[in-house]
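Undergrad: Hey, dropping target21.cif in here, mmCIF, C-alpha atoms and all ligand atoms:
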data_entry
#
loop_
_atom_site.group_PDB
_atom_site.id
_atom_site.type_symbol
_atom_site.label_atom_id
_atom_site.label_comp_id
_atom_site.auth_asym_id
_atom_site.auth_seq_id
_atom_site.Cartn_x
_atom_site.Cartn_y
_atom_site.Cartn_z
ATOM 1 C CA MET A 1 117.971 116.984 136.890
ATOM 2 C CA ASN A 2 115.993 116.526 133.681
ATOM 3 C CA ASN A 3 115.386 113.601 131.376
ATOM 4 C CA CYS A 4 115.758 113.447 127.621
ATOM 5 C CA LEU A 5 112.291 113.882 126.099
ATOM 6 C CA LEU A 6 113.035 111.296 123.440
ATOM 7 C CA CYS A 7 114.739 108.399 125.245
ATOM 8 C CA GLU A 8 114.205 109.388 128.889
ATOM 9 C CA SER A 9 117.864 108.982 129.849
ATOM 10 C CA LEU A 10 119.161 111.510 132.368
ATOM 11 C CA LEU A 11 120.465 114.712 130.840
ATOM 12 C CA ASP A 12 123.936 115.797 131.732
ATOM 13 C CA GLU A 13 123.357 119.394 132.684
ATOM 14 C CA LYS A 14 126.676 120.770 133.755
ATOM 15 C CA LEU A 15 126.464 124.527 133.677
ATOM 16 C CA THR A 16 129.435 126.418 132.344
ATOM 17 C CA PHE A 17 130.334 129.910 133.497
ATOM 18 C CA CYS A 18 129.105 131.231 130.111
ATOM 19 C CA ASP A 19 125.764 129.519 130.640
ATOM 20 C CA LEU A 20 125.403 131.295 133.944
ATOM 21 C CA LEU A 21 126.032 134.645 132.302
ATOM 22 C CA ASN A 22 123.670 133.861 129.471
ATOM 23 C CA LEU A 23 120.580 132.859 131.416
ATOM 24 C CA LYS A 24 118.261 133.303 128.477
ATOM 25 C CA LYS A 25 119.857 130.496 126.515
ATOM 26 C CA PRO A 26 117.304 127.670 126.292
ATOM 27 C CA LYS A 27 118.293 124.374 127.893
ATOM 28 C CA ALA A 28 118.655 121.199 125.862
ATOM 29 C CA LYS A 29 115.650 118.887 126.112
ATOM 30 C CA ALA A 30 117.122 115.901 124.338
ATOM 31 C CA CYS A 31 120.360 114.036 125.015
ATOM 32 C CA ASP A 32 123.292 114.294 122.592
ATOM 33 C CA ALA A 33 122.822 110.725 121.398
ATOM 34 C CA CYS A 34 119.195 111.401 120.408
ATOM 35 C CA PHE A 35 119.907 114.791 118.925
ATOM 36 C CA GLU A 36 122.749 113.479 116.782
ATOM 37 C CA LYS A 37 120.260 111.255 114.974
ATOM 38 C CA PHE A 38 118.716 114.375 113.452
ATOM 39 C CA GLN A 39 120.733 115.289 110.393
ATOM 40 C CA ARG A 40 121.435 118.960 109.712
ATOM 41 C CA ILE A 41 121.220 120.061 106.103
ATOM 42 C CA SER A 42 124.758 120.384 104.816
ATOM 43 C CA ALA A 43 126.359 123.464 103.269
ATOM 44 C CA GLN A 44 125.735 121.815 99.911
ATOM 45 C CA HIS A 45 122.046 122.405 99.159
ATOM 46 C CA CYS A 46 119.635 123.923 96.653
ATOM 47 C CA PRO A 47 119.733 127.675 97.413
ATOM 48 C CA LYS A 48 115.974 127.969 96.911
ATOM 49 C CA CYS A 49 114.440 125.003 98.728
ATOM 50 C CA TYR A 50 117.384 123.655 100.771
ATOM 51 C CA ARG A 51 117.225 120.195 99.200
ATOM 52 C CA ASP A 52 120.327 118.563 100.608
ATOM 53 C CA GLY A 53 123.313 117.327 98.646
ATOM 54 C CA ILE A 54 123.275 119.471 95.505
ATOM 55 C CA ASP A 55 125.148 122.632 94.650
ATOM 56 C CA GLU A 56 122.755 124.331 92.296
ATOM 57 C CA ILE A 57 119.042 125.082 91.907
ATOM 58 C CA CYS A 58 117.214 121.734 91.906
ATOM 59 C CA ILE A 59 114.957 120.471 89.112
ATOM 60 C CA ASP A 60 111.767 121.141 91.115
ATOM 61 C CA CYS A 61 112.700 124.734 91.883
ATOM 62 C CA ASP A 62 113.677 125.204 88.270
ATOM 63 C CA VAL A 63 110.210 124.038 87.164
ATOM 64 C CA TRP A 64 108.512 126.344 89.686
ATOM 65 C CA THR A 65 110.626 129.307 88.592
ATOM 66 C CA LYS A 66 109.713 128.675 84.950
ATOM 67 C CA LYS A 67 106.051 128.715 86.003
ATOM 68 C CA GLY A 68 106.670 132.111 87.556
ATOM 69 C CA LYS A 69 106.585 130.900 91.182
ATOM 70 C CA GLU A 70 109.508 131.866 93.327
ATOM 71 C CA VAL A 71 110.545 129.212 95.873
ATOM 72 C CA CYS A 72 112.144 130.574 99.011
ATOM 73 C CA HIS A 73 112.328 127.953 101.755
ATOM 74 C CA LYS A 74 114.824 127.591 104.504
ATOM 75 C CA SER A 75 115.217 124.296 106.282
ATOM 76 C CA CYS A 76 117.408 123.147 109.119
ATOM 77 C CA PHE A 77 117.119 119.377 109.047
ATOM 78 C CA VAL A 78 116.875 116.502 106.612
ATOM 79 C CA TYR A 79 113.621 114.530 106.920
ATOM 80 C CA ASN A 80 115.316 111.277 107.937
ATOM 81 C CA GLU A 81 114.038 108.311 109.973
ATOM 82 C CA ALA A 82 114.700 110.044 113.299
ATOM 83 C CA MET A 83 112.761 113.118 112.145
ATOM 84 C CA LYS A 84 109.907 110.970 110.855
ATOM 85 C CA ASP A 85 109.686 109.218 114.217
ATOM 86 C CA PHE A 86 109.799 112.544 115.997
ATOM 87 C CA PHE A 87 106.961 113.996 113.954
ATOM 88 C CA SER A 88 104.780 110.947 114.211
ATOM 89 C CA GLN A 89 105.049 111.155 117.970
ATOM 90 C CA TYR A 90 104.746 114.923 118.006
ATOM 91 C CA LYS A 91 101.914 115.481 115.561
ATOM 92 C CA PHE A 92 99.916 112.313 115.652
ATOM 93 C CA GLN A 93 100.117 111.430 119.293
ATOM 94 C CA GLY A 94 99.743 115.055 120.253
ATOM 95 C CA ASP A 95 102.735 115.085 122.576
ATOM 96 C CA TYR A 96 103.021 118.776 123.390
ATOM 97 C CA ALA A 97 106.103 118.286 125.577
ATOM 98 C CA LEU A 98 108.134 117.410 122.502
ATOM 99 C CA SER A 99 107.724 120.925 121.151
ATOM 100 C CA SER A 100 110.747 122.052 123.139
ATOM 101 C CA VAL A 101 113.214 119.634 121.519
ATOM 102 C CA PHE A 102 114.171 122.112 118.803
ATOM 103 C CA THR A 103 113.937 125.300 120.831
ATOM 104 C CA GLU A 104 117.676 125.902 120.830
ATOM 105 C CA VAL A 105 117.997 125.420 117.068
ATOM 106 C CA LEU A 106 114.947 127.558 116.314
ATOM 107 C CA HIS A 107 116.165 130.295 118.590
ATOM 108 C CA GLN A 108 119.499 130.319 116.815
ATOM 109 C CA GLU A 109 117.929 130.376 113.338
ATOM 110 C CA LEU A 110 115.227 132.935 114.049
ATOM 111 C CA LYS A 111 117.668 135.399 115.605
ATOM 112 C CA ASN A 112 118.473 136.488 112.054
ATOM 113 C CA TYR A 113 114.868 137.518 111.486
ATOM 114 C CA SER A 114 114.390 139.839 114.445
ATOM 115 C CA ASP A 115 112.772 142.565 112.322
ATOM 116 C CA TYR A 116 110.279 140.167 110.743
ATOM 117 C CA THR A 117 106.798 139.233 111.923
ATOM 118 C CA LEU A 118 106.711 135.502 112.582
ATOM 119 C CA VAL A 119 103.521 133.880 111.343
ATOM 120 C CA PRO A 120 102.986 130.185 112.096
ATOM 121 C CA ILE A 121 101.026 128.177 109.540
ATOM 122 C CA PRO A 122 97.560 127.506 110.928
ATOM 123 C CA VAL A 123 96.221 123.966 111.285
ATOM 124 C CA SER A 124 92.682 122.855 110.456
ATOM 125 C CA VAL A 125 90.005 122.895 113.151
ATOM 126 C CA GLU A 126 89.862 119.104 112.915
ATOM 127 C CA LYS A 127 93.592 118.688 113.463
ATOM 128 C CA TYR A 128 93.654 121.270 116.194
ATOM 129 C CA GLN A 129 90.853 119.500 118.006
ATOM 130 C CA ALA A 130 92.441 116.109 117.511
ATOM 131 C CA ARG A 131 95.816 117.200 118.754
ATOM 132 C CA GLY A 132 94.880 119.910 121.195
ATOM 133 C CA PHE A 133 97.561 122.267 119.919
ATOM 134 C CA ASN A 134 99.026 123.792 116.783
ATOM 135 C CA GLN A 135 102.397 122.095 116.399
ATOM 136 C CA VAL A 136 104.013 125.065 114.679
ATOM 137 C CA THR A 137 102.798 127.547 117.283
ATOM 138 C CA ALA A 138 103.989 125.190 120.008
ATOM 139 C CA PHE A 139 107.523 125.224 118.575
ATOM 140 C CA LEU A 140 107.501 129.003 118.560
ATOM 141 C CA GLU A 141 106.025 129.327 122.043
ATOM 142 C CA CYS A 142 109.065 127.523 123.399
ATOM 143 C CA THR A 143 111.430 130.071 121.873
ATOM 144 C CA LYS A 144 109.608 132.876 123.730
ATOM 145 C CA LEU A 145 109.826 134.938 120.537
ATOM 146 C CA LYS A 146 106.866 137.086 119.604
ATOM 147 C CA PHE A 147 104.707 135.777 116.801
ATOM 148 C CA LYS A 148 101.295 136.349 115.352
ATOM 149 C CA GLU A 149 98.614 133.877 114.489
ATOM 150 C CA ILE A 150 97.913 134.304 110.805
ATOM 151 C CA LEU A 151 94.169 134.872 111.181
ATOM 152 C CA GLU A 152 94.741 137.388 113.930
ATOM 153 C CA LYS A 153 97.307 139.131 111.753
ATOM 154 C CA TYR A 154 94.654 139.591 109.110
ATOM 155 C CA LYS A 155 92.090 140.516 111.781
ATOM 156 C CA ILE A 156 89.982 137.460 111.008
ATOM 157 C CA VAL A 157 87.818 136.052 113.766
ATOM 158 C CA PRO A 158 85.440 133.241 112.759
ATOM 159 C CA ASP A 159 81.752 134.163 113.022
ATOM 160 C CA PHE A 160 80.800 130.543 113.435
ATOM 161 C CA VAL A 161 82.240 127.050 113.495
ATOM 162 C CA PRO A 162 79.780 124.342 112.407
ATOM 163 C CA ASN A 163 78.945 121.731 115.035
ATOM 164 C CA GLU A 164 79.916 118.964 112.683
ATOM 165 C CA TYR A 165 83.179 119.434 110.830
ATOM 166 C CA LEU A 166 81.835 118.617 107.394
ATOM 167 C CA VAL A 167 81.853 120.849 104.360
ATOM 168 C CA ASP A 168 78.152 120.031 103.841
ATOM 169 C CA LYS A 169 77.412 121.405 107.307
ATOM 170 C CA LEU A 170 79.524 124.478 106.695
ATOM 171 C CA ALA A 171 77.619 125.174 103.475
ATOM 172 C CA GLU A 172 74.313 124.660 105.277
ATOM 173 C CA GLU A 173 75.145 126.732 108.329
ATOM 174 C CA VAL A 174 76.509 129.666 106.340
ATOM 175 C CA VAL A 175 72.912 130.246 105.179
ATOM 176 C CA LYS A 176 72.079 131.672 108.617
ATOM 177 C CA TYR A 177 74.732 134.344 108.206
ATOM 178 C CA THR A 178 74.124 135.323 104.588
ATOM 179 C CA ASP A 179 71.379 136.410 102.197
ATOM 180 C CA GLU A 180 70.120 134.913 98.971
ATOM 181 C CA ASN A 181 72.523 135.309 96.040
ATOM 182 C CA ASP A 182 75.445 136.166 98.306
ATOM 183 C CA ASN A 183 78.799 134.924 97.067
ATOM 184 C CA ILE A 184 80.446 132.368 99.318
ATOM 185 C CA LEU A 185 83.978 131.163 98.833
ATOM 186 C CA ILE A 186 84.963 127.811 100.329
ATOM 187 C CA VAL A 187 88.698 127.424 100.738
ATOM 188 C CA THR A 188 89.510 123.755 100.978
ATOM 189 C CA SER A 189 91.744 120.856 99.930
ATOM 190 C CA ASP A 190 91.865 118.968 96.640
ATOM 191 C CA ILE A 191 90.014 115.949 98.046
ATOM 192 C CA SER A 192 87.247 117.807 99.852
ATOM 193 C CA PRO A 193 83.756 116.529 98.943
ATOM 194 C CA CYS A 194 82.665 120.117 98.335
ATOM 195 C CA ASP A 195 79.786 120.090 95.827
ATOM 196 C CA THR A 196 79.151 123.729 94.947
ATOM 197 C CA ASP A 197 76.473 122.933 92.337
ATOM 198 C CA LYS A 198 74.453 121.093 94.962
ATOM 199 C CA TYR A 199 74.823 123.936 97.474
ATOM 200 C CA ASN A 200 73.933 126.561 94.867
ATOM 201 C CA SER A 201 70.618 124.909 94.080
ATOM 202 C CA LEU A 202 69.856 123.933 97.687
ATOM 203 C CA TYR A 203 70.605 127.228 99.369
ATOM 204 C CA LYS A 204 70.202 129.826 96.569
ATOM 205 C CA ARG A 205 73.637 131.307 97.031
ATOM 206 C CA ASN A 206 76.715 131.367 94.821
ATOM 207 C CA TYR A 207 79.181 128.960 96.318
ATOM 208 C CA GLU A 208 82.592 128.832 94.830
ATOM 209 C CA LYS A 209 85.420 126.515 95.753
ATOM 210 C CA VAL A 210 89.110 127.267 95.831
ATOM 211 C CA VAL A 211 91.672 124.507 96.391
ATOM 212 C CA ALA A 212 94.285 125.833 98.775
ATOM 213 C CA TYR A 213 96.280 122.686 99.319
ATOM 214 C CA ASN A 214 96.758 119.208 97.942
ATOM 215 C CA THR A 215 96.669 116.181 100.187
ATOM 216 C CA LYS A 216 99.663 113.923 99.767
ATOM 217 C CA LYS A 217 99.272 110.231 100.396
ATOM 218 C CA LEU A 218 102.058 108.319 102.044
ATOM 219 C CA LYS A 219 102.466 104.764 100.905
ATOM 220 C CA VAL A 220 104.015 102.520 103.528
ATOM 221 C CA ASP A 221 105.876 99.330 102.736
ATOM 222 C CA ARG A 222 103.526 96.344 103.162
ATOM 223 C CA LYS A 223 105.967 94.540 105.439
ATOM 224 C CA LYS A 224 106.014 97.547 107.732
ATOM 225 C CA VAL A 225 102.204 97.604 107.763
ATOM 226 C CA HIS A 226 102.169 93.941 108.793
ATOM 227 C CA GLU A 227 104.747 94.585 111.480
ATOM 228 C CA THR A 228 102.774 97.520 112.895
ATOM 229 C CA LEU A 229 99.397 95.804 112.750
ATOM 230 C CA LYS A 230 100.609 92.695 114.575
ATOM 231 C CA ASP A 231 99.839 94.041 118.027
ATOM 232 C CA VAL A 232 96.947 96.288 117.071
ATOM 233 C CA ASP A 233 93.316 95.532 117.995
ATOM 234 C CA ILE A 234 91.604 98.675 116.751
ATOM 235 C CA ILE A 235 92.602 100.653 113.673
ATOM 236 C CA THR A 236 91.411 104.254 113.808
ATOM 237 C CA PHE A 237 91.016 106.543 110.808
ATOM 238 C CA LEU A 238 90.826 110.312 111.229
ATOM 239 C CA SER A 239 90.239 111.176 107.568
ATOM 240 C CA SER A 240 89.285 109.706 104.210
ATOM 241 C CA SER A 241 92.726 110.319 102.791
ATOM 242 C CA THR A 242 94.326 108.196 105.517
ATOM 243 C CA VAL A 243 91.905 105.368 104.682
ATOM 244 C CA GLU A 244 92.937 105.557 101.040
ATOM 245 C CA ALA A 245 96.633 105.656 101.874
ATOM 246 C CA PHE A 246 96.216 102.703 104.234
ATOM 247 C CA TYR A 247 94.321 100.776 101.582
ATOM 248 C CA GLU A 248 97.092 101.353 99.059
ATOM 249 C CA SER A 249 99.713 100.320 101.585
ATOM 250 C CA LEU A 250 97.817 97.060 102.187
ATOM 251 C CA ASP A 251 98.274 96.292 98.513
ATOM 252 C CA GLY A 252 95.101 94.191 98.373
ATOM 253 C CA ASP A 253 96.104 92.073 101.356
ATOM 254 C CA PHE A 254 93.024 92.250 103.577
ATOM 255 C CA PHE A 255 93.995 89.035 105.322
ATOM 256 C CA ILE A 256 96.149 90.938 107.774
ATOM 257 C CA LEU A 257 93.077 92.785 109.054
ATOM 258 C CA GLY A 258 91.741 89.536 110.562
ATOM 259 C CA ASP A 259 89.256 90.370 113.296
ATOM 260 C CA LYS A 260 90.739 93.761 114.049
ATOM 261 C CA LYS A 261 88.170 96.473 114.662
ATOM 262 C CA ILE A 262 88.026 99.593 112.525
ATOM 263 C CA ALA A 263 87.093 102.978 113.980
ATOM 264 C CA SER A 264 86.151 106.048 111.942
ATOM 265 C CA ILE A 265 86.047 109.727 112.886
ATOM 266 C CA GLY A 266 82.847 110.473 110.950
ATOM 267 C CA PRO A 267 80.462 109.650 108.100
ATOM 268 C CA MET A 268 82.730 110.749 105.233
ATOM 269 C CA THR A 269 85.570 108.597 106.501
ATOM 270 C CA SER A 270 83.183 105.655 107.097
ATOM 271 C CA GLU A 271 81.919 105.950 103.551
ATOM 272 C CA THR A 272 85.464 105.661 102.220
ATOM 273 C CA ILE A 273 86.206 102.680 104.480
ATOM 274 C CA ARG A 274 83.127 100.842 103.187
ATOM 275 C CA ARG A 275 83.732 101.822 99.587
ATOM 276 C CA LEU A 276 87.153 100.209 99.812
ATOM 277 C CA GLY A 277 85.666 96.970 101.096
ATOM 278 C CA MET A 278 86.347 97.267 104.804
ATOM 279 C CA LYS A 279 83.835 97.396 107.640
ATOM 280 C CA VAL A 280 83.245 100.096 110.208
ATOM 281 C CA ASP A 281 82.982 98.935 113.823
ATOM 282 C CA TYR A 282 82.935 102.314 115.506
ATOM 283 C CA GLU A 283 81.974 105.746 114.256
ATOM 284 C CA ALA A 284 82.467 108.834 116.393
ATOM 285 C CA GLU A 285 79.344 110.771 117.350
ATOM 286 C CA LYS A 286 81.347 113.952 117.687
ATOM 287 C CA TYR A 287 83.770 114.120 114.752
ATOM 288 C CA THR A 288 86.958 114.620 116.701
ATOM 289 C CA ALA A 289 89.681 112.267 117.911
ATOM 290 C CA ASP A 290 88.280 112.540 121.441
ATOM 291 C CA GLY A 291 84.806 111.762 120.116
ATOM 292 C CA LEU A 292 86.225 108.644 118.503
ATOM 293 C CA LEU A 293 87.833 107.487 121.745
ATOM 294 C CA ASP A 294 84.515 108.098 123.490
ATOM 295 C CA VAL A 295 82.638 105.599 121.296
ATOM 296 C CA ILE A 296 85.433 103.041 121.504
ATOM 297 C CA PHE A 297 85.493 103.077 125.293
ATOM 298 C CA LYS A 298 81.749 103.363 125.719
HETATM 299 ZN ZN ZN B 301 117.856 110.797 124.455
HETATM 300 ZN ZN ZN B 302 115.187 123.380 95.181
#
If you convert what's in this file into structure tokens, what do you get?
Ligand SMILES: [Zn+2]
Ligand SMILES: [Zn+2]
TA:
Amino acid sequence: MNNCLLCESLLDEKLTFCDLLNLKKPKAKACDACFEKFQRISAQHCPKCYRDGIDEICIDCDVWTKKGKEVCHKSCFVYNEAMKDFFSQYKFQGDYALSSVFTEVLHQELKNYSDYTLVPIPVSVEKYQARGFNQVTAFLECTKLKFKEILEKYKIVPDFVPNEYLVDKLAEEVVKYTDENDNILIVTSDISPCDTDKYNSLYKRNYEKVVAYNTKKLKVDRKKVHETLKDVDIITFLSSSTVEAFYESLDGDFFILGDKKIASIGPMTSETIRRLGMKVDYEAEKYTADGLLDVIFK
């Protein structure tokens, strides 16, 4: 007997004769009641991005198309409360076991792409270290389908990973592997503190920065922040952008922080915490989630 991964109730696993014949069919990992909370995208959706509830191409896709960018997404579920809860548990608490909840659905959907190469989206070193796994890869592993890591697909193996996960360190360390006047491209996010002018003059190389993704802040209702913080003693921040989002969600109400302790993953994050008028009680020595726990429990 197995338990539902989401609510822990016992799963009703009566095998039918068809199930016995079809041994490869993955078993359900969540009970019907939990699974029904996830809402499938209906037949009525934007044909380009799968936005639910409309018949034609949505405004966003229309804008992208006019800019010459073709949108071609396929989605299975609506991002509703149940899905939000699932992902916060899955991604942020690093619960690898949860990766099998959608195996059956994924298997079904990906069957139609048997002559494609499946390439999961890579996660950052920081996130990988914090979580211990790539959540997209973990989903695919459960389906037992063959897939390729994107870097491996392009035959990319990192020559080095800086000891400290800071762009400043990356820029500094790359000096050991390059010569003067070499061109160095840093692929990063829109909020990265990547100062190419500084690096150019410091290290005599041509650093250039390319923004590959934008960070999106999530503003949480202040009431919900209060509710969540009620039973919290230590607030941990794993990036500057989360500090900023948290700050905006507080809406100027620092009172709620009371004597709660604040923990930061590294110097950049601490700087943001202080800049926004909060104090830092713990700062990780090794800039990973584990490193942060180490200083808290020291
Ligand atoms: Zn359940
Ligand atoms: Zn659309």
Undergrad: Can you pull out every residue within 12 Å of A:Val187, counting all atoms listed in the file, but drop anything in the same chain fewer than 2 positions away, and send it as an mmCIF file with C-alpha atoms, in the coordinates of the input?
TA:
data_model
loop_
_atom_site.group_PDB
_atom_site.id
_atom_site.type_symbol
_atom_site.label_atom_id
_atom_site.label_comp_id
_atom_site.auth_asym_id
_atom_site.auth_seq_id
_atom_site.Cartn_x
_atom_site.Cartn_y
_atom_site.Cartn_z
ATOM 1 C CA SER A 124 92.682 122.855 110.456
ATOM 2 C CA VAL A 167 81.853 120.849 104.360
ATOM 3 C CA LEU A 170 79.524 124.478 106.695
ATOM 4 C CA ALA A 171 77.619 125.174 103.475
ATOM 5 C CA ILE A 184 80.446 132.368 99.318
ATOM 6 C CA LEU A 185 83.978 131.163 98.833
ATOM 7 C CA SER A 189 91.744 120.856 99.930
ATOM 8 C CA ASP A 190 91.865 118.968 96.640
ATOM 9 C CA ILE A 191 90.014 115.949 98.046
ATOM 10 C CA SER A 192 87.247 117.807 99.852
ATOM 11 C CA CYS A 194 82.665 120.117 98.335
ATOM 12 C CA THR A 196 79.151 123.729 94.947
ATOM 13 C CA TYR A 207 79.181 128.960 96.318
ATOM 14 C CA GLU A 208 82.592 128.832 94.830
ATOM 15 C CA LYS A 209 85.420 126.515 95.753
ATOM 16 C CA VAL A 210 89.110 127.267 95.831
ATOM 17 C CA VAL A 211 91.672 124.507 96.391
ATOM 18 C CA ALA A 212 94.285 125.833 98.775
ATOM 19 C CA TYR A 213 96.280 122.686 99.319
ATOM 20 C CA ASN A 214 96.758 119.208 97.942
#
Undergrad: At a cut-off of 9 Å and counting only C-alpha atoms and all ligand atoms, what residues surround ligand ZN 301 (chain B)? Please answer as an NGL selection string.
TA: :A and (3-11 or 29-35)
Undergrad: Could the residues of chain A that have an atom at most 12 Å from ligand ZN 302 (chain B) be listed as a Markdown table, each with its closest atom pair and the distance in Å to one decimal, counting only C-alpha atoms and all ligand atoms and ordered by chain and ascending residue number?
TA:
| residue | atom | partner | partner_atom | distance |
| --- | --- | --- | --- | --- |
| A:Gln44 | CA | B:ZN302 | ZN | 11.7 |
| A:His45 | CA | B:ZN302 | ZN | 8.0 |
| A:Cys46 | CA | B:ZN302 | ZN | 4.7 |
| A:Pro47 | CA | B:ZN302 | ZN | 6.6 |
| A:Lys48 | CA | B:ZN302 | ZN | 5.0 |
| A:Cys49 | CA | B:ZN302 | ZN | 4.0 |
| A:Tyr50 | CA | B:ZN302 | ZN | 6.0 |
| A:Arg51 | CA | B:ZN302 | ZN | 5.5 |
| A:Asp52 | CA | B:ZN302 | ZN | 8.9 |
| A:Gly53 | CA | B:ZN302 | ZN | 10.7 |
| A:Ile54 | CA | B:ZN302 | ZN | 9.0 |
| A:Asp55 | CA | B:ZN302 | ZN | 10.0 |
| A:Glu56 | CA | B:ZN302 | ZN | 8.2 |
| A:Ile57 | CA | B:ZN302 | ZN | 5.3 |
| A:Cys58 | CA | B:ZN302 | ZN | 4.2 |
| A:Ile59 | CA | B:ZN302 | ZN | 6.7 |
| A:Asp60 | CA | B:ZN302 | ZN | 5.8 |
| A:Cys61 | CA | B:ZN302 | ZN | 4.3 |
| A:Asp62 | CA | B:ZN302 | ZN | 7.3 |
| A:Val63 | CA | B:ZN302 | ZN | 9.5 |
| A:Trp64 | CA | B:ZN302 | ZN | 9.1 |
| A:Thr65 | CA | B:ZN302 | ZN | 10.0 |
| A:Glu70 | CA | B:ZN302 | ZN | 10.4 |
| A:Val71 | CA | B:ZN302 | ZN | 7.5 |
| A:Cys72 | CA | B:ZN302 | ZN | 8.7 |
| A:His73 | CA | B:ZN302 | ZN | 8.5 |
| A:Lys74 | CA | B:ZN302 | ZN | 10.2 |
| A:Ser75 | CA | B:ZN302 | ZN | 11.1 |
Undergrad: Taking all atoms of stretch 134-138 of chain A that appear in the file, build a box with edges along x, y and z, extend it by 3 Å on every side, and state its centre and edge lengths in Å to one decimal, as lines of an AutoDock Vina configuration file.
TA:
center_x = 101.5
center_y = 124.8
center_z = 117.3
size_x = 11.0
size_y = 11.5
size_z = 11.3
Undergrad: Select, from A:Leu145, A:Met83, A:Ile235, A:Leu166, the residue with the minimum atom-to-atom distance to A:Gln108, counting all atoms listed in the file.
TA: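 Between A:Leu145, A:Met83, A:Ile235, A:Leu166, the residue approaching A:Gln108 most closely is A:Leu145.
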Undergrad: I'd like the interatomic distance between atom CA of A:Ile273 and atom CA of A:Ser240, to a tenth of an Å.
TA: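 Those two atoms sit 7.7 Å apart.
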Undergrad: Which residues are close to A:Glu172, i.e. within 12 Å by all atoms listed in the file, leaving aside same-chain residues fewer than 6 positions away? Reply as a PyMOL selection string.
TA: chain A and resi 160-166+178+184+194-196+198-205+207
Undergrad: Go ahead and find all residues with at least one atom no further than 12 Å from (93.6, 92.2, 114.9) in the file's coordinates, using only C-alpha atoms; report them as a ChimeraX atom specification.
TA: /A:226-235,254-262
Undergrad: Go ahead and compute the interatomic distance for atom CA of A:Phe147 and atom CA of A:Thr117, in Å to one decimal.
TA: 6.3 Å
Undergrad: Run the PyMOL selection byres (((chain A and resi 245) around 12) and not hetatm) on the file and write out the hits as a PDB file with C-alpha atoms, in the coordinates of the input.
TA:
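Final file, out.pdb:
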ATOM      1  CA  THR A 215      96.669 116.181 100.187  1.00  0.00           C
ATOM      2  CA  LYS A 216      99.663 113.923  99.767  1.00  0.00           C
ATOM      3  CA  LYS A 217      99.272 110.231 100.396  1.00  0.00           C
ATOM      4  CA  LEU A 218     102.058 108.319 102.044  1.00  0.00           C
ATOM      5  CA  LYS A 219     102.466 104.764 100.905  1.00  0.00           C
ATOM      6  CA  VAL A 220     104.015 102.520 103.528  1.00  0.00           C
ATOM      7  CA  ASP A 221     105.876  99.330 102.736  1.00  0.00           C
ATOM      8  CA  ARG A 222     103.526  96.344 103.162  1.00  0.00           C
ATOM      9  CA  VAL A 225     102.204  97.604 107.763  1.00  0.00           C
ATOM     10  CA  PHE A 237      91.016 106.543 110.808  1.00  0.00           C
ATOM     11  CA  LEU A 238      90.826 110.312 111.229  1.00  0.00           C
ATOM     12  CA  SER A 239      90.239 111.176 107.568  1.00  0.00           C
ATOM     13  CA  SER A 240      89.285 109.706 104.210  1.00  0.00           C
ATOM     14  CA  SER A 241      92.726 110.319 102.791  1.00  0.00           C
ATOM     15  CA  THR A 242      94.326 108.196 105.517  1.00  0.00           C
ATOM     16  CA  VAL A 243      91.905 105.368 104.682  1.00  0.00           C
ATOM     17  CA  GLU A 244      92.937 105.557 101.040  1.00  0.00           C
ATOM     18  CA  PHE A 246      96.216 102.703 104.234  1.00  0.00           C
ATOM     19  CA  TYR A 247      94.321 100.776 101.582  1.00  0.00           C
ATOM     20  CA  GLU A 248      97.092 101.353  99.059  1.00  0.00           C
ATOM     21  CA  SER A 249      99.713 100.320 101.585  1.00  0.00           C
ATOM     22  CA  LEU A 250      97.817  97.060 102.187  1.00  0.00           C
ATOM     23  CA  ASP A 251      98.274  96.292  98.513  1.00  0.00           C
ATOM     24  CA  THR A 272      85.464 105.661 102.220  1.00  0.00           C
ATOM     25  CA  ILE A 273      86.206 102.680 104.480  1.00  0.00           C
ATOM     26  CA  LEU A 276      87.153 100.209  99.812  1.00  0.00           C
TER      27      LEU A 276
END
Undergrad: Just the number, please: distance in Å from atom CA of A:Ala43 to atom CA of A:Lys84, one decimal.
TA: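 Between these atoms lies a distance of 22.0 Å.
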Undergrad: Which residues come within 12 Å of A:Gln89, counting only C-alpha atoms, excluding same-chain residues fewer than 4 positions away, as an NGL selection string?
TA: :A and (5-6 or 82-85 or 93-99 or 131 or 135)
Undergrad: Pick out the closest residue to A:Val136 from this set: A:Lys91, A:Lys286, A:Arg274, A:Lys67. Count all atoms listed in the file.
TA: A:Lys91
Undergrad: Could you check the closest approach to A:His107 for each of A:Leu140, A:Cys76, A:Met268, A:Ile121 and tell me which residue wins, using only C-alpha atoms?
TA: A:Leu140
Undergrad: Using only C-alpha atoms for the distances, tell me which of A:Leu118, A:Phe77, A:Ser88, A:Ala28 is nearest to A:Ser100.
TA: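 Closest to A:Ser100 of all the choices is A:Ala28.
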Undergrad: Given the choices A:Tyr287, A:Tyr116, A:Lys144, A:Asp159, which gets closest to A:Tyr177 if the distance is worked out from all atoms listed in the file?
TA: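 That would be A:Asp159, the residue with the smallest distance to A:Tyr177.
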